Amino acid sequence: MVALSLLIAMQRGDGMAGAEYTRAWASGSPTPCECVPDGAECCDAASEDRDKLAIERAPSAGIGRFRWRVCAMLLAATTISYIDRQVLGVLAPFLQEKIGWTEVQYSSIVTAFQAAYALGLLCAGAVIDRFGTRIGYALAIGIWSLAAMGHALASGVVSFAAARFALGLGESGNFPAAIKAVAEWFPQRERALAAGIFNSGSNIGAIVAPLMVPVIASRWGWQAAFLFTGVLSATWLTAWLITYRTPDRQPRLSAAERAYIGSETTPATMRISWLTLLRHRQTWAFAAAKFMTDPIWWFFLFWLPKFLHAQYGLSLLELGPPLITIFLMADVGSIAGGWLAGRLIRRGWSVNRARKGAMLACALLILPVMFAARASHLWLAVALVGLATAGHQGWSANVYTLTSDMFPRHAVASVVGMGGFAGAVGGMLISTVIGLLLQATGSYVPVFMMAGGAYLLALLVVQWLAPRLEPVVMDSTDRPEATA
């Protein structure tokens with residue numbers, strides 16, 4: 001997969017990042033000699049330690065790669081999550097004919113997932129901030145794996161909606177936990193790329209699903225497709241509980257890499273209340289971006305197979321190549337969006353300019369999807385939608401990273417949860433509108449028009465609310481609350 005090959009390439013580039021960090025550390029930090037005027041012996045020891053660390057961080061030695069193993073775990077979890085949720089989207093044309101759903105009933109099933117996702121995000125971030133990434137993530141994937149297998153017992157609209165509701169509740173913990181893990185394990189210069197890598201799991205899952213679901217459903221029935229994902233989830237859960245620790249508690253982490261990761265320190269035992277976060281424009285900027293653009297991704301995920309089936313007459317087995325192409329393009333976009341922002345920062349751009357420049361490039365890439373519903377040929381529509389999904393995923397990688405740019409590390413998961421809630425509410429609204437619209441007119445044209453213009457409008461709102469991406473400054477009225 002594209003994401004995995006790029007992950008390996010990033011691991012090979014640790015030496016350069018380590019050299020940049022060494023130069024910054026060696027030139028700007030006060031030494032123990034400066035703090036203790038008469039401490040000659042302390043100064044000598046500190047000098048030796050400093051020289052030793054400088055050697056360890058030299059380009060030839062590198063600083064270690066363990067943090068990228070953590071990123072690979074996040075990539076795997078996100079992939080499994082999107083396989084789970086995409087199974088229904090791939091089977092939707094077949095199940096709609098078999099069970100007899102109307103467009104409005106299908107939109108209600110989709111909305112049940114999004115409603116639970118939104119409700120879960122109200123507390124998922126706070127729970128993960130309080131209990132930690134390891135336990136919080138394990139609880140989330142445990143719930144969603146059971147819910148995914150529960151789809152095999154469904155037989156009608158109500159039972160499918162109940163299974164989707166439980167799935168949404170569990171999956172609401174994925175992105176808050178993953179973003180918090182990135183904030184724990186990566187310095188700022190690498191966070192956008194790390195977020196882009198794990199976020200590409202949404203595209204890998206969307207690629208794997210059309211590869212395996214039609215085959216499994218054709219041979220063993222549609223229930224087997226839902227059951228299969230439970231095995232994947234259980235495997236990941238076991239590996240996660242065995243291997244994941246925070247950097248300060250990970251015995252396999254080298255001293256050099258731990259120092260590199262810890263170059264940006266934020267108290268991990270403090271959290272900020274939601275009421276405090278809502279007083280800051282930065283919170284609203286992130287939430288607005290999610291509210292306005294997440295629904296477009298929900299549309300691609302749950303309605304694209306139905307669009308291709310209705311517009312071009314594709315059967316269940318024929319859906320595979322177009323969907324795989326579209327989400328492979330999205331996979332590239334996810335990595336490229338994070339890479340672009342990081343590249344611009346390394347070239348001397350400010351974080352504000354680099355993030356928004358990358359977001360603008362992604363928004364412009366999405367504009368042509370306005371014409372997808374009028375495409376005269378299947379593969380022209382695939383190309384337009386593929387560009388849009390690539391643009392969305394590049395946009396998403398940078399939007400998620402805004403939280404770690406503007407908020408202290410201990411507040412990141414809560415802010416991500418609040419933004420995800422806004423995105424899920426937006427998804428609920430658009431799902432209802434799409435169901436009513438398709439049942440009344442059968443036309444996808446207005447939906448693709450909205451998809452094309454949503455991102456430029458969202459960028460304008462972000463610019464208005466957070467023109468400089470200034471970090472949140474805590475004052476006496478915004479005092480964090482200690483957690484036990």
# chains A, B, ... in the order shown; residues from 1 in each chain; ligands from 1
call {"tool": "residues_around", "arguments": {"residues": "Val415 of chain A", "least_positions_apart": "4", "cutoff": "7 Å", "atoms": "only C-alpha atoms", "output": "mmCIF file with all heavy atoms, in the first residue's frame"}}
result
data_model
loop_
_atom_site.group_PDB
_atom_site.id
_atom_site.type_symbol
_atom_site.label_atom_id
_atom_site.label_comp_id
_atom_site.auth_asym_id
_atom_site.auth_seq_id
_atom_site.Cartn_x
_atom_site.Cartn_y
_atom_site.Cartn_z
ATOM 1 N N THR A 283 -11.232 26.861 19.129
ATOM 2 C CA THR A 283 -12.106 25.691 19.215
ATOM 3 C C THR A 283 -13.184 25.756 18.149
ATOM 4 O O THR A 283 -13.469 24.761 17.451
ATOM 5 C CB THR A 283 -12.753 25.606 20.605
ATOM 6 O OG1 THR A 283 -11.734 25.562 21.590
ATOM 7 C CG2 THR A 283 -13.633 24.371 20.724
ATOM 8 N N THR A 403 -5.337 21.181 15.839
ATOM 9 C CA THR A 403 -5.570 21.065 17.275
ATOM 10 C C THR A 403 -4.261 21.051 18.053
ATOM 11 O O THR A 403 -4.128 21.723 19.080
ATOM 12 C CB THR A 403 -6.382 19.798 17.596
ATOM 13 O OG1 THR A 403 -5.668 18.642 17.153
ATOM 14 C CG2 THR A 403 -7.731 19.845 16.908
ATOM 15 N N ALA A 411 -5.205 18.865 26.128
ATOM 16 C CA ALA A 411 -6.547 19.240 25.690
ATOM 17 C C ALA A 411 -6.880 18.728 24.298
ATOM 18 O O ALA A 411 -8.020 18.861 23.847
ATOM 19 C CB ALA A 411 -6.697 20.763 25.711
ATOM 20 N N GLY A 419 -14.800 18.687 17.849
ATOM 21 C CA GLY A 419 -14.858 18.896 16.402
ATOM 22 C C GLY A 419 -15.490 17.730 15.679
ATOM 23 O O GLY A 419 -16.257 17.910 14.733
#
call {"tool": "residues_around", "arguments": {"residues": "Arg69 of chain A", "least_positions_apart": "2", "cutoff": "12 Å", "atoms": "only C-alpha atoms", "output": "ChimeraX atom specification"}}
result
/A:4,7-8,10-11,64-67,71-76,181-182,185-186,194,197-198,239-240,243-245,252-253
call {"tool": "write_last_selection", "arguments": {"atoms": "C-alpha atoms", "output": "short mmCIF file (atom, residue, chain, number, x, y, z; two decimals), in the first residue's frame"}}
result
data_model
loop_
_atom_site.label_atom_id
_atom_site.label_comp_id
_atom_site.auth_asym_id
_atom_site.auth_seq_id
_atom_site.Cartn_x
_atom_site.Cartn_y
_atom_site.Cartn_z
CA LEU A 4 3.02 1.69 4.16
CA LEU A 7 5.90 5.10 6.22
CA ILE A 8 9.08 3.13 5.55
CA MET A 10 9.85 8.38 6.58
CA GLN A 11 11.62 5.98 8.92
CA GLY A 64 15.38 5.98 16.47
CA ARG A 65 12.19 4.87 14.75
CA PHE A 66 9.98 3.51 17.48
CA ARG A 67 7.49 6.37 17.20
CA CYS A 71 2.03 5.41 13.93
CA ALA A 72 1.74 2.07 12.13
CA MET A 73 -0.53 0.81 14.94
CA LEU A 74 -2.73 3.89 14.53
CA LEU A 75 -2.81 3.29 10.78
CA ALA A 76 -3.93 -0.32 11.34
CA ALA A 181 -1.22 9.39 20.55
CA VAL A 182 0.35 11.55 17.84
CA TRP A 185 4.71 10.54 20.41
CA PHE A 186 5.63 13.21 17.83
CA ALA A 194 1.96 11.27 11.24
CA ILE A 197 -0.26 8.46 7.62
CA PHE A 198 -2.77 7.14 10.15
CA ALA A 239 -1.30 -6.21 20.02
CA TRP A 240 -2.24 -2.75 21.30
CA THR A 243 2.84 -3.00 23.12
CA TYR A 244 1.49 0.52 23.71
CA ARG A 245 2.92 2.74 26.44
CA ARG A 252 12.10 -0.12 24.16
CA LEU A 253 12.44 3.59 23.36
#
